[in-house]
>>> print(open('upload18.txt').read())   # compact mmCIF, C-alpha atoms
# COMPACT_ATOMS: atom_id res chain seq x y z
CA MET B 23 31.35 134.78 124.04
CA THR B 24 30.49 138.27 125.24
CA PRO B 25 31.73 138.19 128.83
CA GLN B 26 31.53 141.95 129.23
CA GLU B 27 27.75 142.03 128.84
CA THR B 28 27.28 139.06 131.15
CA LEU B 29 29.54 140.51 133.79
CA GLN B 30 27.97 143.95 133.78
CA ALA B 31 24.53 142.42 134.18
CA ASP B 32 25.56 140.33 137.17
CA PRO B 33 26.93 142.03 140.31
CA GLU B 34 28.32 138.79 141.69
CA LEU B 35 30.43 138.28 138.61
CA SER B 36 31.61 141.88 138.80
CA ALA B 37 33.03 141.05 142.22
CA LEU B 38 34.81 138.11 140.62
CA GLU B 39 36.07 140.43 137.92
CA ALA B 40 37.39 142.82 140.56
CA ARG B 41 39.16 139.98 142.37
CA VAL B 42 40.79 138.77 139.14
CA LEU B 43 41.81 142.33 138.28
CA ASP B 44 43.60 142.60 141.64
CA GLU B 45 45.36 139.31 141.04
CA VAL B 46 46.40 140.15 137.48
CA ALA B 47 47.57 143.62 138.57
CA ALA B 48 49.76 142.04 141.25
CA MET B 49 51.24 139.63 138.71
CA LEU B 50 51.91 142.50 136.31
CA ARG B 51 53.72 144.49 139.00
CA GLU B 52 55.85 141.48 139.82
CA VAL B 53 56.64 140.65 136.19
CA ILE B 54 57.57 144.23 135.28
CA GLY B 55 59.31 144.78 138.63
CA GLU B 56 60.07 148.44 138.08
CA GLU B 57 59.31 151.50 140.14
CA TYR B 58 57.04 153.16 137.59
CA VAL B 59 54.49 150.37 137.83
CA ALA B 60 54.55 149.93 141.63
CA ASN B 61 52.38 152.99 142.23
CA MET B 62 50.46 152.97 138.97
CA GLU B 63 46.75 152.33 139.23
CA ILE B 64 46.02 149.33 137.03
CA THR B 65 42.44 149.26 135.78
CA MET B 66 40.44 147.35 133.19
CA ASP B 67 41.29 150.15 130.72
CA THR B 68 45.05 150.03 131.28
CA SER B 69 46.73 149.04 128.02
CA PHE B 70 49.69 146.67 127.89
CA ALA B 71 51.49 148.73 125.27
CA GLU B 72 50.85 152.42 125.97
CA ASP B 73 50.28 152.44 129.72
CA LEU B 74 52.38 149.55 130.99
CA GLU B 75 54.91 149.51 128.11
CA LEU B 76 54.97 145.77 128.50
CA GLU B 77 57.73 143.91 126.66
CA SER B 78 56.57 140.87 124.69
CA ILE B 79 58.76 138.51 126.76
CA GLU B 80 57.11 139.94 129.87
CA PHE B 81 53.73 139.02 128.47
CA VAL B 82 55.07 135.47 128.05
CA THR B 83 56.07 135.43 131.73
CA LEU B 84 52.71 136.90 132.75
CA SER B 85 50.80 134.28 130.78
CA ALA B 86 52.86 131.52 132.43
CA GLN B 87 51.99 132.92 135.86
CA MET B 88 48.33 133.07 134.91
CA ARG B 89 48.44 129.46 133.65
CA ASP B 90 49.99 128.38 136.96
CA ARG B 91 47.49 130.30 139.04
CA TYR B 92 44.25 129.45 137.25
CA GLY B 93 45.13 126.02 135.91
CA GLU B 94 42.86 124.07 133.61
CA SER B 95 39.84 126.28 134.32
CA VAL B 96 41.18 128.95 132.03
CA ASP B 97 42.22 127.95 128.51
CA PHE B 98 44.98 130.47 127.84
CA VAL B 99 46.32 128.43 124.94
CA GLY B 100 42.92 128.65 123.26
CA PHE B 101 42.64 132.35 124.12
CA LEU B 102 46.02 133.16 122.54
CA ALA B 103 45.79 130.67 119.68
CA GLU B 104 44.35 133.08 117.16
CA LEU B 105 46.32 136.15 118.27
CA ASP B 106 49.73 137.38 117.20
CA VAL B 107 52.19 139.41 119.24
CA ASP B 108 51.02 142.76 117.90
CA ARG B 109 47.38 142.07 118.73
CA VAL B 110 48.20 140.78 122.21
CA ILE B 111 50.32 143.77 123.11
CA ALA B 112 47.53 146.04 121.81
CA MET B 113 45.07 144.55 124.34
CA ARG B 114 43.92 146.10 127.61
CA VAL B 115 44.17 144.47 131.02
CA GLY B 116 40.36 144.17 131.03
CA ASP B 117 40.41 141.93 127.94
CA VAL B 118 42.43 139.33 129.87
CA VAL B 119 40.57 139.85 133.17
CA ARG B 120 37.16 139.42 131.55
CA PHE B 121 38.30 136.25 129.82
CA ILE B 122 39.65 134.78 133.06
CA ALA B 123 36.57 135.78 135.07
CA ALA B 124 34.19 134.33 132.48
CA SER B 125 36.20 131.09 132.36
CA LEU B 126 36.24 130.79 136.16
CA ALA B 127 32.51 131.47 136.34
CA GLU B 128 31.90 128.83 133.70
CA ALA B 129 34.05 126.36 135.61
CA GLY B 130 32.01 127.06 138.76
CA GLN B 131 34.91 128.45 140.76
CA ALA B 132 33.38 131.82 141.51
CA HIS B 133 33.56 131.32 145.27
CA MET G 253 58.69 124.30 135.01
CA ALA G 254 59.96 127.45 133.45
CA ASP G 255 63.67 126.62 133.69
CA VAL G 256 65.71 123.62 132.56
CA ILE G 257 69.45 123.10 133.03
CA ALA G 258 70.73 122.02 129.64
CA ASN G 259 74.39 121.50 128.77
CA GLY G 260 75.20 123.22 132.08
CA VAL G 261 73.21 126.35 131.18
CA ARG G 262 69.90 127.51 132.65
CA LEU G 263 67.38 127.83 129.82
CA HIS G 264 63.97 129.47 130.11
CA VAL G 265 61.32 127.13 128.72
CA GLN G 266 57.60 127.47 128.02
CA ARG G 267 55.78 124.23 127.29
CA LEU G 268 52.29 124.62 125.86
CA THR G 269 49.75 121.84 125.53
CA PRO G 270 46.12 121.65 124.46
CA ARG G 271 43.44 121.86 127.13
CA GLY G 272 43.32 118.50 128.91
CA GLY G 273 46.87 117.67 127.79
CA PRO G 274 48.18 116.29 124.50
CA ARG G 275 46.78 113.02 123.22
CA PRO G 276 49.15 110.05 123.08
CA GLY G 277 51.24 110.30 119.94
CA ALA G 278 50.60 114.03 119.52
CA PRO G 279 53.34 115.82 117.58
CA VAL G 280 56.03 117.27 119.84
CA VAL G 281 57.17 120.61 118.42
CA VAL G 282 60.24 122.59 119.49
CA MET G 283 60.32 126.22 118.41
CA ILE G 284 63.59 128.15 118.08
CA HIS G 285 63.78 131.94 117.78
CA GLY G 286 66.36 134.07 115.96
CA MET G 287 69.71 135.51 117.04
CA VAL G 288 70.58 138.62 119.08
CA MET G 289 67.57 140.94 118.69
CA ASP G 290 65.06 138.23 119.49
CA ASN G 291 63.70 135.88 122.15
CA LEU G 292 61.04 133.20 122.54
CA ALA G 293 58.24 135.77 122.50
CA SER G 294 58.53 135.91 118.71
CA VAL G 295 57.55 132.24 118.37
CA PHE G 296 55.33 132.06 121.47
CA PHE G 297 52.17 133.17 119.71
CA LEU G 298 52.57 130.64 116.88
CA ALA G 299 53.21 128.08 119.62
CA ASN G 300 49.83 128.72 121.22
CA GLY G 301 48.16 128.14 117.85
CA LEU G 302 49.95 124.81 117.44
CA ALA G 303 49.19 123.70 121.00
CA ASP G 304 45.53 124.59 120.49
CA ALA G 305 45.59 122.35 117.40
CA GLY G 306 46.73 119.40 119.55
CA CYS G 307 50.53 119.64 119.59
CA ASP G 308 52.83 119.43 122.60
CA VAL G 309 54.90 122.59 122.05
CA ILE G 310 58.21 123.51 123.66
CA CYS G 311 59.56 127.06 123.29
CA TYR G 312 62.84 128.15 124.82
CA ASP G 313 65.10 131.15 125.00
CA LEU G 314 68.48 130.45 123.43
CA ARG G 315 71.37 130.97 125.85
CA GLY G 316 72.07 134.67 126.38
CA HIS G 317 68.59 135.63 125.11
CA GLY G 318 65.31 136.50 126.80
CA ARG G 319 65.10 134.95 130.26
CA SER G 320 67.83 132.32 129.77
CA GLU G 321 71.24 132.46 131.40
CA ARG G 322 73.78 134.72 129.73
CA THR G 323 77.08 132.90 129.56
CA PRO G 324 80.21 134.86 128.60
CA SER G 325 80.93 132.41 125.76
CA GLY G 326 79.69 129.28 124.03
CA TYR G 327 77.39 130.74 121.37
CA GLY G 328 78.62 128.61 118.46
CA MET G 329 76.54 126.12 116.51
CA ALA G 330 77.98 123.05 118.27
CA ASN G 331 77.01 124.41 121.68
CA ALA G 332 73.60 125.52 120.42
CA MET G 333 73.01 121.92 119.32
CA ALA G 334 74.28 120.57 122.65
CA ASP G 335 71.95 122.98 124.46
CA LEU G 336 69.02 121.64 122.44
CA THR G 337 69.95 118.01 123.15
CA GLY G 338 70.32 118.86 126.85
CA LEU G 339 66.92 120.56 126.78
CA LEU G 340 65.18 117.53 125.23
CA ASP G 341 66.94 115.19 127.68
CA GLY G 342 66.08 117.48 130.59
CA LEU G 343 62.42 117.46 129.61
CA GLY G 344 62.45 113.69 129.12
CA VAL G 345 61.59 113.99 125.43
CA THR G 346 63.02 110.87 123.80
CA GLY G 347 60.97 110.52 120.62
CA PRO G 348 61.63 112.48 117.42
CA VAL G 349 60.49 116.12 117.49
CA HIS G 350 59.35 118.59 114.88
CA LEU G 351 61.80 121.50 114.91
CA VAL G 352 60.47 124.90 113.84
CA GLY G 353 63.03 127.68 113.62
CA ASN G 354 63.03 131.30 112.55
CA SER G 355 66.13 132.87 110.99
CA PHE G 356 69.16 131.62 113.00
CA GLY G 357 66.74 129.22 114.69
CA ALA G 358 66.06 127.66 111.28
CA THR G 359 69.78 127.32 110.57
CA LEU G 360 70.18 125.62 113.94
CA ALA G 361 67.21 123.33 113.26
CA LEU G 362 68.65 122.23 109.91
CA ALA G 363 72.12 121.68 111.38
CA TYR G 364 70.54 119.64 114.18
CA GLY G 365 68.56 117.55 111.70
CA CYS G 366 71.75 116.77 109.77
CA ALA G 367 73.64 115.85 112.95
CA TYR G 368 70.90 113.97 114.82
CA PRO G 369 68.28 112.79 112.30
CA GLU G 370 67.08 110.13 114.75
CA ARG G 371 65.83 112.86 117.11
CA VAL G 372 64.01 114.80 114.40
CA ALA G 373 60.61 114.07 112.82
CA SER G 374 60.48 117.06 110.48
CA LEU G 375 61.88 120.56 110.02
CA GLY G 376 59.95 123.82 109.64
CA LEU G 377 62.45 126.43 108.48
CA ILE G 378 61.42 130.08 108.33
CA GLU G 379 63.91 132.38 106.60
CA GLY G 380 66.95 130.35 107.59
CA PRO G 381 70.34 131.59 106.37
CA PHE G 382 71.60 128.69 104.26
CA LEU G 383 74.92 128.53 102.41
CA LEU G 384 77.34 125.85 101.32
CA SER G 385 80.24 128.24 101.87
CA GLY G 386 80.75 131.42 103.86
CA LEU G 387 77.73 130.90 106.14
CA GLY G 388 79.50 132.13 109.29
CA GLU G 389 80.81 135.26 107.58
CA GLU G 390 77.32 135.99 106.21
CA MET G 391 75.67 135.69 109.62
CA SER G 392 78.45 137.59 111.32
CA ARG G 393 77.99 140.53 108.92
CA SER G 394 74.41 140.98 110.02
CA ILE G 395 75.36 140.82 113.70
CA GLN G 396 77.96 143.46 113.03
CA ALA G 397 75.41 145.63 111.22
CA THR G 398 73.03 145.35 114.17
CA ARG G 399 75.82 146.22 116.56
CA GLU G 400 76.87 149.28 114.60
CA ALA G 401 73.29 150.44 114.30
CA VAL G 402 72.49 150.22 118.00
CA SER G 403 75.93 151.50 119.04
CA ASP G 404 75.39 154.79 117.27
CA ASP G 405 75.44 157.58 119.88
CA GLU G 406 72.17 159.07 118.75
CA VAL G 407 70.47 155.68 118.75
CA ARG G 408 71.75 155.04 122.28
CA GLU G 409 70.41 158.42 123.30
CA TRP G 410 67.08 157.58 121.71
CA LEU G 411 66.95 154.18 123.40
CA GLU G 412 67.73 155.78 126.74
CA HIS G 413 65.20 158.58 126.64
CA SER G 414 62.62 158.31 123.86
CA ALA G 415 62.14 154.73 122.70
CA ALA G 416 59.21 152.67 123.87
CA ARG G 417 60.30 150.64 126.89
CA GLY G 418 59.88 147.30 125.09
CA VAL G 419 62.02 148.31 122.12
CA ALA G 420 64.62 149.89 124.38
CA ARG G 421 64.94 146.82 126.58
CA MET G 422 65.22 144.49 123.60
CA ALA G 423 67.86 146.69 121.95
CA LYS G 424 69.86 147.10 125.16
CA ALA G 425 69.77 143.35 125.77
CA ALA G 426 71.01 142.80 122.23
CA LEU G 427 73.76 145.37 122.61
CA SER G 428 75.07 143.93 125.87
CA LEU G 429 74.91 140.42 124.40
CA MET G 430 77.12 141.57 121.54
CA GLU G 431 79.49 143.64 123.71
CA GLN G 432 79.87 141.33 126.69
CA THR G 433 79.93 137.86 125.15
CA THR G 434 81.77 136.05 122.38
CA ILE G 435 78.61 135.68 120.29
CA ALA G 436 79.98 137.60 117.29
CA GLU G 437 83.15 135.48 117.04
CA ASP G 438 81.25 132.30 117.77
CA ILE G 439 78.75 132.98 115.00
CA ARG G 440 81.53 133.83 112.55
CA ALA G 441 82.83 130.28 113.09
CA THR G 442 79.50 128.67 112.05
CA PRO G 443 80.31 125.87 109.60
CA SER G 444 78.60 125.95 106.22
CA PHE G 445 76.27 123.13 105.21
CA ARG G 446 77.54 120.16 103.23
CA ALA G 447 75.59 119.03 100.20
CA GLU G 448 76.07 115.31 100.86
CA ARG G 449 74.74 115.59 104.41
CA LEU G 450 71.71 117.51 103.16
CA ALA G 451 71.03 114.96 100.43
CA ALA G 452 70.99 112.24 103.11
CA LEU G 453 68.79 114.17 105.59
CA GLY G 454 65.81 111.85 105.11
CA ARG G 455 63.28 114.07 106.91
CA PRO G 456 60.47 116.18 105.42
CA VAL G 457 61.29 119.88 105.34
CA LEU G 458 58.94 122.87 105.12
CA ALA G 459 60.89 125.98 104.09
CA VAL G 460 59.28 129.44 104.12
CA TYR G 461 60.89 132.57 102.72
CA GLY G 462 59.72 136.04 101.83
CA GLY G 463 59.84 136.83 98.11
CA ASN G 464 61.44 140.20 98.96
CA SER G 465 63.87 138.73 101.47
CA GLU G 466 67.57 139.27 100.82
CA ILE G 467 68.13 135.53 101.32
CA VAL G 468 65.25 134.07 99.28
CA ASP G 469 67.78 132.62 96.81
CA GLN G 470 69.30 130.65 99.70
CA GLY G 471 65.86 129.11 100.23
CA ARG G 472 65.62 128.11 96.58
CA GLU G 473 69.07 126.51 96.80
CA LEU G 474 68.00 124.65 99.95
CA ALA G 475 64.91 123.30 98.20
CA ARG G 476 67.12 122.12 95.32
CA LEU G 477 69.60 120.31 97.60
CA VAL G 478 67.37 118.82 100.30
CA PRO G 479 65.05 116.04 99.12
CA ASP G 480 61.43 116.12 100.28
CA THR G 481 61.40 119.90 100.78
CA THR G 482 58.20 121.90 100.44
CA LEU G 483 59.25 125.46 99.59
CA VAL G 484 56.77 128.27 100.21
CA VAL G 485 57.83 131.70 98.96
CA LEU G 486 55.52 134.50 100.06
CA GLU G 487 55.66 137.30 97.55
CA HIS G 488 55.55 140.83 99.01
CA HIS G 489 57.23 139.66 102.22
CA THR G 490 60.73 140.02 103.67
CA HIS G 491 63.02 138.26 106.14
CA SER G 492 60.54 139.31 108.85
CA VAL G 493 57.84 137.08 107.37
CA LEU G 494 57.12 135.50 110.78
CA ARG G 495 55.78 138.80 112.02
CA GLU G 496 54.44 140.09 108.71
CA ALA G 497 52.37 136.99 107.86
CA ALA G 498 51.72 135.60 111.34
CA GLU G 499 48.18 134.38 110.58
CA TYR G 500 49.22 132.47 107.48
CA LEU G 501 52.24 130.91 109.17
CA ARG G 502 50.00 129.68 111.97
CA ASP G 503 47.70 128.00 109.43
CA LEU G 504 50.65 126.65 107.45
CA LEU G 505 52.31 125.10 110.51
CA ARG G 506 49.05 123.63 111.76
CA TRP G 507 48.66 122.03 108.36
CA TRP G 508 52.25 120.77 108.45
CA MET G 509 51.88 119.23 111.92
CA VAL G 510 48.35 117.81 111.98
CA LEU G 511 46.59 117.96 108.60
CA ARG G 512 49.22 117.12 106.00
CA ASP G 513 48.50 113.37 105.89
CA THR G 514 44.87 113.91 104.96
CA GLU G 515 45.16 117.19 103.01
CA PRO G 516 48.21 117.07 100.77
CA GLU G 517 47.74 120.56 99.32
CA VAL G 518 49.73 123.43 100.88
CA PRO G 519 47.30 126.03 102.29
CA VAL G 520 46.83 128.94 99.91
CA TYR G 521 48.13 132.30 101.03
CA HIS G 522 45.62 135.13 100.66
CA ARG G 523 47.44 138.39 100.99
CA LEU G 524 45.49 141.15 102.68
CA PRO G 525 45.21 144.42 100.77
CA GLY G 526 48.05 146.78 101.60
CA ARG G 527 50.28 144.05 102.99
CA HIS G 528 53.46 144.67 101.05
CA PHE G 529 56.88 144.54 102.63
CA GLU G 530 60.24 145.32 101.08
CA THR G 531 63.78 144.81 102.22
CA ALA G 532 65.79 148.02 102.59
CA ASP G 533 68.48 148.35 99.92
CA TRP G 534 71.26 148.43 102.48
CA VAL G 535 70.17 145.09 103.90
CA ARG G 536 69.86 143.53 100.46
CA GLU G 537 73.22 144.87 99.29
CA ARG G 538 74.93 144.20 102.63
CA ARG G 539 76.66 147.56 102.58
CA PRO G 540 79.20 148.33 105.27
CA PRO G 541 77.79 149.63 108.56
CA ASP G 542 79.27 153.10 107.96
CA ASP G 543 76.79 153.53 105.19
CA ILE G 544 73.92 152.52 107.44
CA LEU G 545 74.94 155.12 109.96
CA ALA G 546 75.46 157.75 107.28
CA GLN G 547 72.01 156.99 105.91
CA ASN G 548 70.50 157.24 109.35
CA ALA G 549 72.27 160.52 110.02
CA ALA G 550 71.10 161.90 106.67
CA ARG G 551 67.54 160.85 107.39
CA ARG G 552 67.63 162.36 110.84
CA ALA G 553 69.04 165.60 109.46
CA ARG G 554 66.34 165.70 106.81
CA LEU G 555 63.60 165.05 109.36
CA ALA G 556 65.03 167.63 111.71
CA ALA G 557 65.08 170.15 108.87
CA GLU G 558 61.51 169.29 107.98
CA ALA G 559 60.50 169.63 111.60
CA ARG G 560 62.17 173.03 111.83
CA ALA G 561 60.47 174.10 108.62
CA ALA G 562 57.11 173.04 109.99
CA GLU G 563 57.92 174.64 113.34
CA ALA G 564 56.59 171.48 114.93
CA GLY G 565 57.92 170.57 118.35
CA GLY G 566 57.25 166.84 117.97
CA SER G 567 59.85 164.10 117.74
CA PRO G 568 59.90 162.95 114.12
CA PRO G 569 63.25 161.12 114.27
CA VAL G 570 61.93 158.60 116.79
CA ALA G 571 60.81 156.06 114.21
CA GLU G 572 64.10 156.13 112.32
CA PRO G 573 66.44 154.28 114.67
CA ALA G 574 63.76 151.65 115.18
CA GLY G 575 63.75 150.97 111.45
CA ALA G 576 67.52 150.80 111.39
CA VAL G 577 67.63 148.44 114.33
CA SER G 578 65.07 145.92 113.20
CA GLY G 579 66.33 146.08 109.63
CA ALA G 580 69.89 145.59 110.70
CA SER G 581 69.00 142.37 112.43
CA GLY G 582 68.12 141.27 108.90
CA PRO G 583 69.87 138.18 107.61
CA LEU G 584 69.96 136.36 110.94
>>> encode(input="upload18.txt", output="structure tokens")
Amino acid sequence: MTPQETLQADPELSALEARVLDEVAAMLREVIGEEYVANMEITMDTSFAEDLELESIEFVTLSAQMRDRYGESVDFVGFLAELDVDRVIAMRVGDVVRFIAASLAEAGQAH
Amino acid sequence: MADVIANGVRLHVQRLTPRGGPRPGAPVVVMIHGMVMDNLASVFFLANGLADAGCDVICYDLRGHGRSERTPSGYGMANAMADLTGLLDGLGVTGPVHLVGNSFGATLALAYGCAYPERVASLGLIEGPFLLSGLGEEMSRSIQATREAVSDDEVREWLEHSAARGVARMAKAALSLMEQTTIAEDIRATPSFRAERLAALGRPVLAVYGGNSEIVDQGRELARLVPDTTLVVLEHHTHSVLREAAEYLRDLLRWWMVLRDTEPEVPVYHRLPGRHFETADWVRERRPPDDILAQNAARRARLAAEARAAEAGGSPPVAEPAGAVSGASGPL
């Protein structure tokens, strides 16, 4: 799957991507719950490790919130199945957002 | 369903299932992390791999760890087992489960299997401290070493101002757990295993140790005493094998849970070039904490001198306390 290419080619999906980014950013601010992140601009390029300094247990909480929010349309278990903690923490917010947006588009929930 | 009240304590739980839910009769796996400087995040990523392979996987934070309730006391083995029973009851899990534990979590899994074999289908033990005598003292020494390492003034200073937020939060949580609860005394009271109980276990056991781990001999002894044990020793790896060889452990546990009946051969470990891990001498030799601190101080002094010599304004000592901290959590 190359969601990035698909999304960039399709303006409607970019809107979906932007919506998911807003949702994920809000979840991140809630999970981290500290002042430094309240005013930080969270973009697709924001990294979990360097920019957000996310703790691994916080990623666990975030992924639980994402599972609750997006349900069966997004296969987080499958997404994380081949990754280990170091690779997950090295990801950027956009990696997760693009995966969610592509899954939602595939499941026909874009609207 | 992130929280379950078990044995009167609120435990943070993450239950992971394959897309569309587990099939009837799917293996139920409970994953247990290590002690003090650890939480369920360390087993969470393996858990996703197992759920994706069809298992119904339950991860939880031990009391006092991660997002679970921190009680002032009750950290001994008997309570840890009661917490686990309460968790299974609270989740309505009545059939036998596959327990997978890392470090202290493996010790707990084995103790649980000996005490309640009817609730256990198999045991996956990763680097579990295992002794027929002096087990509590052994585990308590490593807690003490961790405590001394993170109590050091300079390390505290580093955690406060320079450490990455994730490391700092984990270390501070560990420090307050050790300072504000009875965990150290409770762990010291851990009973050793009894050979006759182990001989009668009657459940298949997968035991994984690092060839360079300071407790690999305990794994060999375990394999000798527990019938039906598959021992996998990964050369070039240490007590931190869960993190060092994450990909292989995921394949190994998938094999153990879902493929073993049809493919009897243990998956072969292909070590990637450059993947070589060694246990620090002070962990292996279990030297007193004073020595750890003296070593750290000497290293810091050397690095500071080097930095001065190079007239570099960077922060070379930053990596040092991290090494001390994770190493000190060693034998648990």
>>> closest_atom_pairs(input="upload18.txt", of="chain B", to="chain G", cutoff="12 Å", atoms="only C-alpha atoms", output="tab-separated table")
residue	atom	partner	partner_atom	distance
B:Val53	CA	G:Arg319	CA	11.8
B:Ile54	CA	G:Gly418	CA	10.9
B:Glu56	CA	G:Arg417	CA	11.4
B:Tyr58	CA	G:Arg417	CA	11.5
B:Phe70	CA	G:Gly418	CA	10.6
B:Ala71	CA	G:Gly418	CA	8.5
B:Glu72	CA	G:Ala416	CA	8.6
B:Asp73	CA	G:Arg417	CA	10.6
B:Leu74	CA	G:Arg417	CA	9.0
B:Glu75	CA	G:Arg417	CA	5.6
B:Leu76	CA	G:Gly418	CA	6.2
B:Glu77	CA	G:Gly418	CA	4.3
B:Ser78	CA	G:Ala293	CA	5.8
B:Ile79	CA	G:Ala293	CA	5.1
B:Glu80	CA	G:Ala293	CA	8.5
B:Phe81	CA	G:Ala293	CA	8.2
B:Val82	CA	G:Ala293	CA	6.4
B:Thr83	CA	G:Gln266	CA	8.9
B:Leu84	CA	G:Gln266	CA	11.6
B:Ser85	CA	G:Gln266	CA	10.0
B:Ala86	CA	G:Gln266	CA	7.6
B:Gln87	CA	G:Ala254	CA	10.0
B:Arg89	CA	G:Leu268	CA	9.9
B:Asp90	CA	G:Met253	CA	9.8
B:Gly93	CA	G:Arg271	CA	9.9
B:Glu94	CA	G:Arg271	CA	6.9
B:Ser95	CA	G:Arg271	CA	9.2
B:Val96	CA	G:Arg271	CA	8.9
B:Asp97	CA	G:Arg271	CA	6.4
B:Phe98	CA	G:Asn300	CA	8.4
B:Val99	CA	G:Asn300	CA	5.1
B:Gly100	CA	G:Asp304	CA	5.6
B:Phe101	CA	G:Asn300	CA	8.6
B:Leu102	CA	G:Asn300	CA	6.0
B:Ala103	CA	G:Gly301	CA	3.9
B:Glu104	CA	G:Gly301	CA	6.3
B:Leu105	CA	G:Phe297	CA	6.7
B:Asp106	CA	G:Phe297	CA	5.5
B:Val107	CA	G:Phe297	CA	6.3
B:Asp108	CA	G:Arg495	CA	8.5
B:Arg109	CA	G:Phe297	CA	10.2
B:Val110	CA	G:Phe297	CA	8.9
B:Ile111	CA	G:Gly418	CA	10.4
>>> closest_residue(input="upload18.txt", among="G:Glu466, G:Arg455, G:Leu427, G:Val261", to="Ser325 of chain G", atoms="only C-alpha atoms")
G:Val261
>>> atom_distance(input="upload18.txt", atom1="atom CA of Val345 of chain G", atom2="atom CA of Pro279 of chain G")
11.5 Å
>>> residues_around(input="upload18.txt", residues="Thr68 of chain B", least_positions_apart="6", cutoff="12 Å", atoms="only C-alpha atoms", output="PyMOL selection string")
chain B and resi 43+46-47+50+59+62+74-76+111-119
>>> residues_around(input="upload18.txt", residues="Ser403 of chain G", least_positions_apart="2", cutoff="10 Å", atoms="only C-alpha atoms", output="JSON, numbers by chain")
{"G": [397, 398, 399, 400, 401, 405, 406, 407, 408, 409, 423, 424, 427, 431, 545]}
>>> write_last_selection(input="upload18.txt", atoms="C-alpha atoms", output="PDB file, in the coordinates of the input")
ATOM      1  CA  ALA G 397      75.410 145.630 111.220  1.00  0.00           C
ATOM      2  CA  THR G 398      73.030 145.350 114.170  1.00  0.00           C
ATOM      3  CA  ARG G 399      75.820 146.220 116.560  1.00  0.00           C
ATOM      4  CA  GLU G 400      76.870 149.280 114.600  1.00  0.00           C
ATOM      5  CA  ALA G 401      73.290 150.440 114.300  1.00  0.00           C
ATOM      6  CA  ASP G 405      75.440 157.580 119.880  1.00  0.00           C
ATOM      7  CA  GLU G 406      72.170 159.070 118.750  1.00  0.00           C
ATOM      8  CA  VAL G 407      70.470 155.680 118.750  1.00  0.00           C
ATOM      9  CA  ARG G 408      71.750 155.040 122.280  1.00  0.00           C
ATOM     10  CA  GLU G 409      70.410 158.420 123.300  1.00  0.00           C
ATOM     11  CA  ALA G 423      67.860 146.690 121.950  1.00  0.00           C
ATOM     12  CA  LYS G 424      69.860 147.100 125.160  1.00  0.00           C
ATOM     13  CA  LEU G 427      73.760 145.370 122.610  1.00  0.00           C
ATOM     14  CA  GLU G 431      79.490 143.640 123.710  1.00  0.00           C
ATOM     15  CA  LEU G 545      74.940 155.120 109.960  1.00  0.00           C
TER      16      LEU G 545
END
>>> atom_distance(input="upload18.txt", atom1="atom CA of Val484 of chain G", atom2="atom CA of Gly526 of chain G")
20.5 Å
>>> atom_distance(input="upload18.txt", atom1="atom CA of Arg476 of chain G", atom2="atom CA of Ala459 of chain G")
11.4 Å
>>> residues_around(input="upload18.txt", residues="Gly130 of chain B", least_positions_apart="3", cutoff="12 Å", atoms="only C-alpha atoms", output="list in words")
Leu35, Leu38, Ser95, Val96, Ala123, Ala124, Ser125, Leu126, Ala127 and His133 of chain B
>>> closest_residue(input="upload18.txt", among="G:Glu389, G:Glu379, G:Glu473, G:Asp255", to="Gly342 of chain G", atoms="only C-alpha atoms")
G:Asp255
>>> build_atoms(input="upload18.txt", residues="segment 40-48 of chain B", atoms="N, CA and C atoms", output="compact mmCIF listing (two decimals), keeping the file's coordinate frame")
# COMPACT_ATOMS: atom_id res chain seq x y z
N ALA B 40 36.54 141.94 139.75
CA ALA B 40 37.39 142.82 140.56
C ALA B 40 38.49 142.01 141.25
N ARG B 41 38.16 140.83 141.72
CA ARG B 41 39.16 139.98 142.37
C ARG B 41 40.25 139.58 141.36
N VAL B 42 39.82 139.18 140.17
CA VAL B 42 40.79 138.77 139.14
C VAL B 42 41.66 139.95 138.74
N LEU B 43 41.04 141.14 138.63
CA LEU B 43 41.81 142.33 138.28
C LEU B 43 42.92 142.57 139.32
N ASP B 44 42.58 142.44 140.59
CA ASP B 44 43.60 142.60 141.64
C ASP B 44 44.73 141.59 141.47
N GLU B 45 44.35 140.37 141.19
CA GLU B 45 45.36 139.31 141.04
C GLU B 45 46.25 139.55 139.83
N VAL B 46 45.62 139.91 138.70
CA VAL B 46 46.40 140.15 137.48
C VAL B 46 47.30 141.37 137.67
N ALA B 47 46.76 142.41 138.34
CA ALA B 47 47.57 143.62 138.57
C ALA B 47 48.81 143.28 139.40
N ALA B 48 48.62 142.44 140.42
CA ALA B 48 49.76 142.04 141.25
C ALA B 48 50.79 141.27 140.43
